[in-house]
Amino acid sequence: YKAKTSGRGQHVYNTADDTDATTRLKTVEELRTALTTDQLVVHYQPKIDLDTGEVHNVEALVRWDHPTRGLLYPDAFLALVEESGLMRTLTRVVLQVALDQAAVWHAEGRPLTVAVNLSGSTLIDTSLPDEVAAMLTARNLPPGALQLEITEEFLMADRDRARSILTRLRSSGIQISIDDFGTGYSSLSYLRDLPLDELKLDRSFVFPMVDDARAAALVASTIGLAHSLGLRLVAEGVETKAAYTELVRLGCDQAQGYYMSRPVPAAELDLWLSARDVSATRTPKGLVGAH
Ligand code: C2E
Ligand code: MG
Ligand code: MG
Ligand code: MG
């Protein structure tokens with residue numbers, strides 16, 4: 001069969017268009033296979049502490065190493081995963097892989113906290129806290145080795161249940177982060193009543209901040225908002241030295257973005273971290289950026 005091709009020449013699975021039902025069915029079958037083999041791979045992107053330049057947190061981002069189509073990014077397959085009821089399975093696979101990697105890092109004396117993205121269909125699953133606790137115990141990892149990133153749209157569906165699941169997770173010591181903060185429509189109301197550790201400011205505010213005074217004002221105020229609630233603020237989508245420097249100046253806690261590192265396989269992150277360990281000894285605090 002022929003995969004659909006978008007204008008940019010990328011393979012896309014247009015979930016709104018089911019005229020190609022056979023292709024979709026085949027892709028769902030391929031997804032099922034991917035989930036039980038090692039076709040799902042996880043890349044890691046560091047979150048840099050802006051006061052010290054150190055890295056204590058990394059985000060796990062899933063990719064599909066498709067046997068014929070090459071490496072596929074989440075935008076190309078996550079919607080289909082969700083629609084075909086496979087998200088719960090995917091989340092377990094990513095958690096297993098990411099926690100295996102965290103255990104390796106801990107054993108090597110690099111106790112990184114790994115952040116895993118959770119979708120809404122996972123947050124209605126009341127067995128999640130116990131399963132996650134068991135996964136940590138099985139690897140002899142402390143709960144602080146895991147962070148969960150939740151997108152606010154997903155909190156809307158069943159807010160009470162989401163809150164109760166998050167409360168159980170967080171009281172066990174797992175860190176909770178709100179992803180893409182600022183893009184949803186009820187940001188302030190859930191800040192009032194959800195158990196949280198971190199806000200990740202969406203890159204649509206961070207990217208323009210150097211040239212756009214309004215965006216910069218929003219970044220600065222969000223840092224203040226987070227701090228007044230005792231939360232850490234992470235800026236995502238830091239692509240330039242100018243943005244990085246400005247975030248340091250504004251007192252942002254952590255930054256993540258292509259300027260420092262793209263998401264990369266664990267082995268590549270290890271090299272990046274080692275190079276940083278060396279350069280940290282000769283670079284001023286807080287100004288450690290890209291290599
Ligand atoms: P996200 O969690 O907000 O992750 C950040 C996305 O922005 C990643 O895209 C990352 O590669 C990209 N990014 C990082 N730094 C920069 C930058 O400086 N500039 C720009 N333009 N982009 C940057 P990616 O890996 O394609 O992931 C897209 C989304 O897919 C993620 O957004 C997350 O919502 C979702 N996702 C990824 N992995 C998983 C997973 O294991 N489970 C679930 N449920 N969702 C996942
Ligand atoms: Mg995320
Ligand atoms: Mg994000
Ligand atoms: Mg995002």
# chains A, B, ... in the order shown; residues from 1 in each chain; ligands from 1
>>> closest_atom_pairs(of="chain A", to="ligand 4", cutoff="10 Å", atoms="only C-alpha atoms and all ligand atoms", output="tab-separated table")
residue	atom	partner	partner_atom_place_in_ligand_line	distance
A:Asn117	CA	ligand 4	1 (Mg)	9.8
A:Thr151	CA	ligand 4	1 (Mg)	8.0
A:Asp179	CA	ligand 4	1 (Mg)	6.8
A:Asp180	CA	ligand 4	1 (Mg)	5.3
A:Phe181	CA	ligand 4	1 (Mg)	9.1
A:Thr183	CA	ligand 4	1 (Mg)	9.6
A:Lys200	CA	ligand 4	1 (Mg)	9.4
A:Leu201	CA	ligand 4	1 (Mg)	9.6
A:Asp202	CA	ligand 4	1 (Mg)	6.9
A:Arg203	CA	ligand 4	1 (Mg)	7.7
A:Ser204	CA	ligand 4	1 (Mg)	9.5
A:Glu236	CA	ligand 4	1 (Mg)	8.6
A:Gly237	CA	ligand 4	1 (Mg)	9.2
>>> write_last_selection(atoms="N, CA and C atoms", output="short mmCIF file (atom, residue, chain, number, x, y, z; two decimals), in the first residue's frame")
data_model
loop_
_atom_site.label_atom_id
_atom_site.label_comp_id
_atom_site.auth_asym_id
_atom_site.auth_seq_id
_atom_site.Cartn_x
_atom_site.Cartn_y
_atom_site.Cartn_z
N ASN A 117 5.85 12.44 29.54
CA ASN A 117 4.60 13.13 29.18
C ASN A 117 3.42 12.19 29.34
N THR A 151 -0.45 18.00 30.04
CA THR A 151 -0.91 19.15 29.26
C THR A 151 -2.28 19.56 29.78
N ASP A 179 2.57 21.15 31.39
CA ASP A 179 3.26 21.37 30.13
C ASP A 179 2.54 22.43 29.30
N ASP A 180 3.28 23.10 28.44
CA ASP A 180 2.69 24.07 27.50
C ASP A 180 1.86 25.11 28.24
N PHE A 181 2.32 25.50 29.41
CA PHE A 181 1.56 26.41 30.26
C PHE A 181 1.31 27.73 29.54
N THR A 183 -1.20 28.15 27.27
CA THR A 183 -1.94 27.99 26.02
C THR A 183 -3.38 27.52 26.25
N LYS A 200 5.69 24.56 32.92
CA LYS A 200 6.55 24.71 31.75
C LYS A 200 5.88 25.70 30.81
N LEU A 201 6.46 26.86 30.75
CA LEU A 201 5.88 27.92 29.93
C LEU A 201 6.01 27.57 28.45
N ASP A 202 4.91 27.65 27.75
CA ASP A 202 4.89 27.24 26.35
C ASP A 202 5.87 28.05 25.50
N ARG A 203 6.43 27.39 24.51
CA ARG A 203 7.47 28.06 23.73
C ARG A 203 6.94 29.23 22.90
N SER A 204 5.63 29.31 22.70
CA SER A 204 5.08 30.45 21.95
C SER A 204 5.28 31.77 22.70
N GLU A 236 10.33 26.53 27.86
CA GLU A 236 10.63 25.60 26.77
C GLU A 236 10.84 26.37 25.48
N GLY A 237 11.50 25.74 24.52
CA GLY A 237 11.71 26.39 23.22
C GLY A 237 12.76 27.49 23.24
#
>>> closest_atom_pairs(of="chain A", to="ligand 2", cutoff="12 Å", atoms="only C-alpha atoms and all ligand atoms", output="CSV")
residue,atom,partner,partner_atom_place_in_ligand_line,distance
A:Tyr44,CA,ligand 2,1 (Mg),10.8
A:Gln45,CA,ligand 2,1 (Mg),9.8
A:Pro46,CA,ligand 2,1 (Mg),11.4
A:Lys47,CA,ligand 2,1 (Mg),10.9
A:Val58,CA,ligand 2,1 (Mg),10.1
A:Glu59,CA,ligand 2,1 (Mg),6.8
A:Ala60,CA,ligand 2,1 (Mg),8.0
A:Leu61,CA,ligand 2,1 (Mg),7.6
A:Val62,CA,ligand 2,1 (Mg),10.4
A:Pro74,CA,ligand 2,1 (Mg),11.3
A:Val114,CA,ligand 2,1 (Mg),11.0
A:Ala115,CA,ligand 2,1 (Mg),7.6
A:Val116,CA,ligand 2,1 (Mg),7.2
A:Asn117,CA,ligand 2,1 (Mg),5.3
A:Leu118,CA,ligand 2,1 (Mg),8.4
A:Ser119,CA,ligand 2,1 (Mg),10.2
A:Gln147,CA,ligand 2,1 (Mg),10.3
A:Leu148,CA,ligand 2,1 (Mg),8.5
A:Glu149,CA,ligand 2,1 (Mg),5.5
A:Ile150,CA,ligand 2,1 (Mg),7.3
A:Thr151,CA,ligand 2,1 (Mg),7.7
A:Glu152,CA,ligand 2,1 (Mg),11.2
A:Ile176,CA,ligand 2,1 (Mg),11.3
A:Ser177,CA,ligand 2,1 (Mg),8.6
A:Ile178,CA,ligand 2,1 (Mg),8.4
A:Asp179,CA,ligand 2,1 (Mg),5.4
A:Asp180,CA,ligand 2,1 (Mg),7.4
A:Phe181,CA,ligand 2,1 (Mg),10.3
A:Glu198,CA,ligand 2,1 (Mg),11.6
A:Leu199,CA,ligand 2,1 (Mg),10.5
A:Lys200,CA,ligand 2,1 (Mg),8.0
A:Leu201,CA,ligand 2,1 (Mg),10.4
A:Asp202,CA,ligand 2,1 (Mg),9.7
A:Arg203,CA,ligand 2,1 (Mg),11.0
A:Val234,CA,ligand 2,1 (Mg),10.7
A:Ala235,CA,ligand 2,1 (Mg),11.2
A:Glu236,CA,ligand 2,1 (Mg),8.9
A:Gly237,CA,ligand 2,1 (Mg),11.0
A:Gln256,CA,ligand 2,1 (Mg),10.3
A:Gly257,CA,ligand 2,1 (Mg),11.6
A:Pro263,CA,ligand 2,1 (Mg),11.3
>>> select_by_dssp(residues="region 145-265 of chain A", states="alpha helix (DSSP H)", output="PyMOL selection string")
chain A and resi 153-156+159-171+187-193+203-206+213-228+241-250
>>> write_last_selection(atoms="C-alpha atoms", output="PDB file, in the first residue's frame")
ATOM      1  CA  GLU A 153      -6.251  20.350  27.957  1.00  0.00           C
ATOM      2  CA  PHE A 154      -6.185  16.903  29.458  1.00  0.00           C
ATOM      3  CA  LEU A 155      -7.094  18.149  32.878  1.00  0.00           C
ATOM      4  CA  MET A 156     -10.405  19.382  31.599  1.00  0.00           C
ATOM      5  CA  ARG A 159     -11.047  17.267  36.630  1.00  0.00           C
ATOM      6  CA  ASP A 160     -11.950  15.612  39.938  1.00  0.00           C
ATOM      7  CA  ARG A 161     -10.556  12.294  38.898  1.00  0.00           C
ATOM      8  CA  ALA A 162      -7.441  13.897  37.414  1.00  0.00           C
ATOM      9  CA  ARG A 163      -6.912  15.803  40.676  1.00  0.00           C
ATOM     10  CA  SER A 164      -7.260  12.690  42.784  1.00  0.00           C
ATOM     11  CA  ILE A 165      -4.800  10.733  40.606  1.00  0.00           C
ATOM     12  CA  LEU A 166      -2.320  13.618  40.627  1.00  0.00           C
ATOM     13  CA  THR A 167      -2.645  13.959  44.394  1.00  0.00           C
ATOM     14  CA  ARG A 168      -1.823  10.294  44.899  1.00  0.00           C
ATOM     15  CA  LEU A 169       1.152  10.500  42.535  1.00  0.00           C
ATOM     16  CA  ARG A 170       2.523  13.650  44.088  1.00  0.00           C
ATOM     17  CA  SER A 171       2.093  12.533  47.687  1.00  0.00           C
ATOM     18  CA  SER A 187      -4.685  28.085  33.655  1.00  0.00           C
ATOM     19  CA  LEU A 188      -5.385  30.150  36.736  1.00  0.00           C
ATOM     20  CA  SER A 189      -8.209  28.008  38.023  1.00  0.00           C
ATOM     21  CA  TYR A 190      -6.221  24.798  38.094  1.00  0.00           C
ATOM     22  CA  LEU A 191      -3.271  26.564  39.672  1.00  0.00           C
ATOM     23  CA  ARG A 192      -5.602  27.092  42.584  1.00  0.00           C
ATOM     24  CA  ASP A 193      -6.434  23.483  43.232  1.00  0.00           C
ATOM     25  CA  ARG A 203       7.467  28.065  23.731  1.00  0.00           C
ATOM     26  CA  SER A 204       5.084  30.448  21.950  1.00  0.00           C
ATOM     27  CA  PHE A 205       5.871  32.934  24.766  1.00  0.00           C
ATOM     28  CA  VAL A 206       9.551  32.120  25.038  1.00  0.00           C
ATOM     29  CA  ALA A 213       8.082  43.392  24.865  1.00  0.00           C
ATOM     30  CA  ARG A 214       4.666  41.880  25.524  1.00  0.00           C
ATOM     31  CA  ALA A 215       5.958  38.339  25.308  1.00  0.00           C
ATOM     32  CA  ALA A 216       8.841  39.319  27.608  1.00  0.00           C
ATOM     33  CA  ALA A 217       6.403  40.852  30.096  1.00  0.00           C
ATOM     34  CA  LEU A 218       4.359  37.657  30.084  1.00  0.00           C
ATOM     35  CA  VAL A 219       7.458  35.566  30.703  1.00  0.00           C
ATOM     36  CA  ALA A 220       8.524  37.815  33.580  1.00  0.00           C
ATOM     37  CA  SER A 221       5.059  37.791  35.165  1.00  0.00           C
ATOM     38  CA  THR A 222       4.712  34.050  34.812  1.00  0.00           C
ATOM     39  CA  ILE A 223       8.021  33.582  36.604  1.00  0.00           C
ATOM     40  CA  GLY A 224       6.629  35.751  39.420  1.00  0.00           C
ATOM     41  CA  LEU A 225       3.354  33.852  39.420  1.00  0.00           C
ATOM     42  CA  ALA A 226       5.081  30.486  39.632  1.00  0.00           C
ATOM     43  CA  HIS A 227       7.386  31.632  42.414  1.00  0.00           C
ATOM     44  CA  SER A 228       4.574  33.151  44.432  1.00  0.00           C
ATOM     45  CA  LYS A 241      21.651  32.715  23.402  1.00  0.00           C
ATOM     46  CA  ALA A 242      19.717  35.983  23.728  1.00  0.00           C
ATOM     47  CA  ALA A 243      16.645  34.174  25.088  1.00  0.00           C
ATOM     48  CA  TYR A 244      18.787  32.079  27.414  1.00  0.00           C
ATOM     49  CA  THR A 245      20.553  35.138  28.838  1.00  0.00           C
ATOM     50  CA  GLU A 246      17.292  37.005  29.290  1.00  0.00           C
ATOM     51  CA  LEU A 247      15.757  34.055  31.169  1.00  0.00           C
ATOM     52  CA  VAL A 248      18.762  33.956  33.496  1.00  0.00           C
ATOM     53  CA  ARG A 249      18.342  37.675  34.120  1.00  0.00           C
ATOM     54  CA  LEU A 250      14.619  37.285  34.843  1.00  0.00           C
TER      55      LEU A 250
END
>>> closest_residue(among="A:Ala76, A:Ala134, A:Ala107, A:Cys252", to="ligand 1", atoms="only C-alpha atoms and all ligand atoms")
A:Ala76
>>> select_by_dssp(residues="region 94-219 of chain A", states="strand (DSSP E)", output="ChimeraX atom specification")
/A:113-118,146-151,175-181,198-201
>>> write_last_selection(atoms="N, CA and C atoms", output="PDB file, in the first residue's frame")
ATOM      1  N   THR A 113      16.540  13.172  37.111  1.00  0.00           N
ATOM      2  CA  THR A 113      15.091  12.970  37.176  1.00  0.00           C
ATOM      3  C   THR A 113      14.565  12.966  35.748  1.00  0.00           C
ATOM      4  N   VAL A 114      13.785  11.941  35.401  1.00  0.00           N
ATOM      5  CA  VAL A 114      13.272  11.819  34.043  1.00  0.00           C
ATOM      6  C   VAL A 114      11.814  12.259  34.017  1.00  0.00           C
ATOM      7  N   ALA A 115      11.487  13.143  33.072  1.00  0.00           N
ATOM      8  CA  ALA A 115      10.108  13.622  32.927  1.00  0.00           C
ATOM      9  C   ALA A 115       9.426  12.896  31.782  1.00  0.00           C
ATOM     10  N   VAL A 116       8.285  12.275  32.084  1.00  0.00           N
ATOM     11  CA  VAL A 116       7.517  11.550  31.068  1.00  0.00           C
ATOM     12  C   VAL A 116       6.214  12.307  30.819  1.00  0.00           C
ATOM     13  N   ASN A 117       5.848  12.442  29.542  1.00  0.00           N
ATOM     14  CA  ASN A 117       4.603  13.127  29.177  1.00  0.00           C
ATOM     15  C   ASN A 117       3.417  12.189  29.345  1.00  0.00           C
ATOM     16  N   LEU A 118       2.364  12.694  29.953  1.00  0.00           N
ATOM     17  CA  LEU A 118       1.148  11.888  30.142  1.00  0.00           C
ATOM     18  C   LEU A 118       0.013  12.486  29.331  1.00  0.00           C
ATOM     19  N   LEU A 146      11.296  10.516  39.085  1.00  0.00           N
ATOM     20  CA  LEU A 146      10.276  10.622  38.033  1.00  0.00           C
ATOM     21  C   LEU A 146       9.482  11.903  38.174  1.00  0.00           C
ATOM     22  N   GLN A 147       9.253  12.481  37.016  1.00  0.00           N
ATOM     23  CA  GLN A 147       8.429  13.671  36.915  1.00  0.00           C
ATOM     24  C   GLN A 147       7.387  13.355  35.851  1.00  0.00           C
ATOM     25  N   LEU A 148       6.181  13.880  35.985  1.00  0.00           N
ATOM     26  CA  LEU A 148       5.156  13.651  34.977  1.00  0.00           C
ATOM     27  C   LEU A 148       4.722  15.002  34.425  1.00  0.00           C
ATOM     28  N   GLU A 149       4.739  15.126  33.099  1.00  0.00           N
ATOM     29  CA  GLU A 149       4.314  16.370  32.447  1.00  0.00           C
ATOM     30  C   GLU A 149       2.916  16.178  31.888  1.00  0.00           C
ATOM     31  N   ILE A 150       2.045  17.069  32.309  1.00  0.00           N
ATOM     32  CA  ILE A 150       0.636  16.961  31.926  1.00  0.00           C
ATOM     33  C   ILE A 150       0.236  18.205  31.163  1.00  0.00           C
ATOM     34  N   THR A 151      -0.447  18.003  30.037  1.00  0.00           N
ATOM     35  CA  THR A 151      -0.913  19.154  29.264  1.00  0.00           C
ATOM     36  C   THR A 151      -2.283  19.557  29.783  1.00  0.00           C
ATOM     37  N   GLN A 175       7.196  14.145  40.950  1.00  0.00           N
ATOM     38  CA  GLN A 175       6.965  15.561  40.650  1.00  0.00           C
ATOM     39  C   GLN A 175       5.965  15.740  39.515  1.00  0.00           C
ATOM     40  N   ILE A 176       5.105  16.748  39.670  1.00  0.00           N
ATOM     41  CA  ILE A 176       4.074  17.006  38.664  1.00  0.00           C
ATOM     42  C   ILE A 176       4.326  18.360  37.997  1.00  0.00           C
ATOM     43  N   SER A 177       4.262  18.325  36.671  1.00  0.00           N
ATOM     44  CA  SER A 177       4.552  19.518  35.886  1.00  0.00           C
ATOM     45  C   SER A 177       3.397  19.796  34.920  1.00  0.00           C
ATOM     46  N   ILE A 178       3.057  21.068  34.750  1.00  0.00           N
ATOM     47  CA  ILE A 178       2.061  21.424  33.732  1.00  0.00           C
ATOM     48  C   ILE A 178       2.807  21.875  32.479  1.00  0.00           C
ATOM     49  N   ASP A 179       2.568  21.148  31.391  1.00  0.00           N
ATOM     50  CA  ASP A 179       3.262  21.373  30.126  1.00  0.00           C
ATOM     51  C   ASP A 179       2.539  22.426  29.301  1.00  0.00           C
ATOM     52  N   ASP A 180       3.281  23.096  28.437  1.00  0.00           N
ATOM     53  CA  ASP A 180       2.694  24.071  27.501  1.00  0.00           C
ATOM     54  C   ASP A 180       1.855  25.108  28.243  1.00  0.00           C
ATOM     55  N   PHE A 181       2.324  25.496  29.413  1.00  0.00           N
ATOM     56  CA  PHE A 181       1.562  26.408  30.256  1.00  0.00           C
ATOM     57  C   PHE A 181       1.306  27.727  29.539  1.00  0.00           C
ATOM     58  N   GLU A 198       5.790  22.217  39.162  1.00  0.00           N
ATOM     59  CA  GLU A 198       6.474  22.925  38.080  1.00  0.00           C
ATOM     60  C   GLU A 198       5.492  23.377  37.012  1.00  0.00           C
ATOM     61  N   LEU A 199       5.775  24.537  36.424  1.00  0.00           N
ATOM     62  CA  LEU A 199       5.063  24.978  35.225  1.00  0.00           C
ATOM     63  C   LEU A 199       6.077  25.063  34.090  1.00  0.00           C
ATOM     64  N   LYS A 200       5.689  24.556  32.921  1.00  0.00           N
ATOM     65  CA  LYS A 200       6.545  24.714  31.745  1.00  0.00           C
ATOM     66  C   LYS A 200       5.879  25.701  30.811  1.00  0.00           C
ATOM     67  N   LEU A 201       6.463  26.864  30.750  1.00  0.00           N
ATOM     68  CA  LEU A 201       5.881  27.924  29.927  1.00  0.00           C
ATOM     69  C   LEU A 201       6.013  27.567  28.452  1.00  0.00           C
TER      70      LEU A 201
END
>>> residues_around(residues="region 28-34 of chain A", least_positions_apart="3", cutoff="10 Å", atoms="only C-alpha atoms", output="list in words")
Thr22, Thr23, Arg24, Leu25, Thr37, Asp38, Gln39, Leu40, Val41, Trp64, Asp65, His66, Pro67, Phe77, Leu80, Val81, Glu83, Ser84, Gly85, Leu86, Thr89 and Leu90 of chain A
>>> closest_residue(among="A:Ala267, A:Val238, A:Leu71, A:Leu196", to="ligand 1", atoms="only C-alpha atoms and all ligand atoms")
A:Val238
>>> closest_residue(among="A:Val210, A:Val97, A:Ala266, A:Ala133", to="ligand 1", atoms="only C-alpha atoms and all ligand atoms")
A:Val97
>>> closest_residue(among="A:Val94, A:Leu136, A:Leu269, A:Met87", to="Gly120 (chain A)", atoms="only C-alpha atoms")
A:Met87
>>> atom_distance(atom1="CA of Arg63 (chain A)", atom2="CA of Arg232 (chain A)")
27.4 Å
>>> closest_residue(among="A:Ala255, A:Asp197, A:Gly144, A:Asp49", to="ligand 3", atoms="only C-alpha atoms and all ligand atoms")
A:Ala255
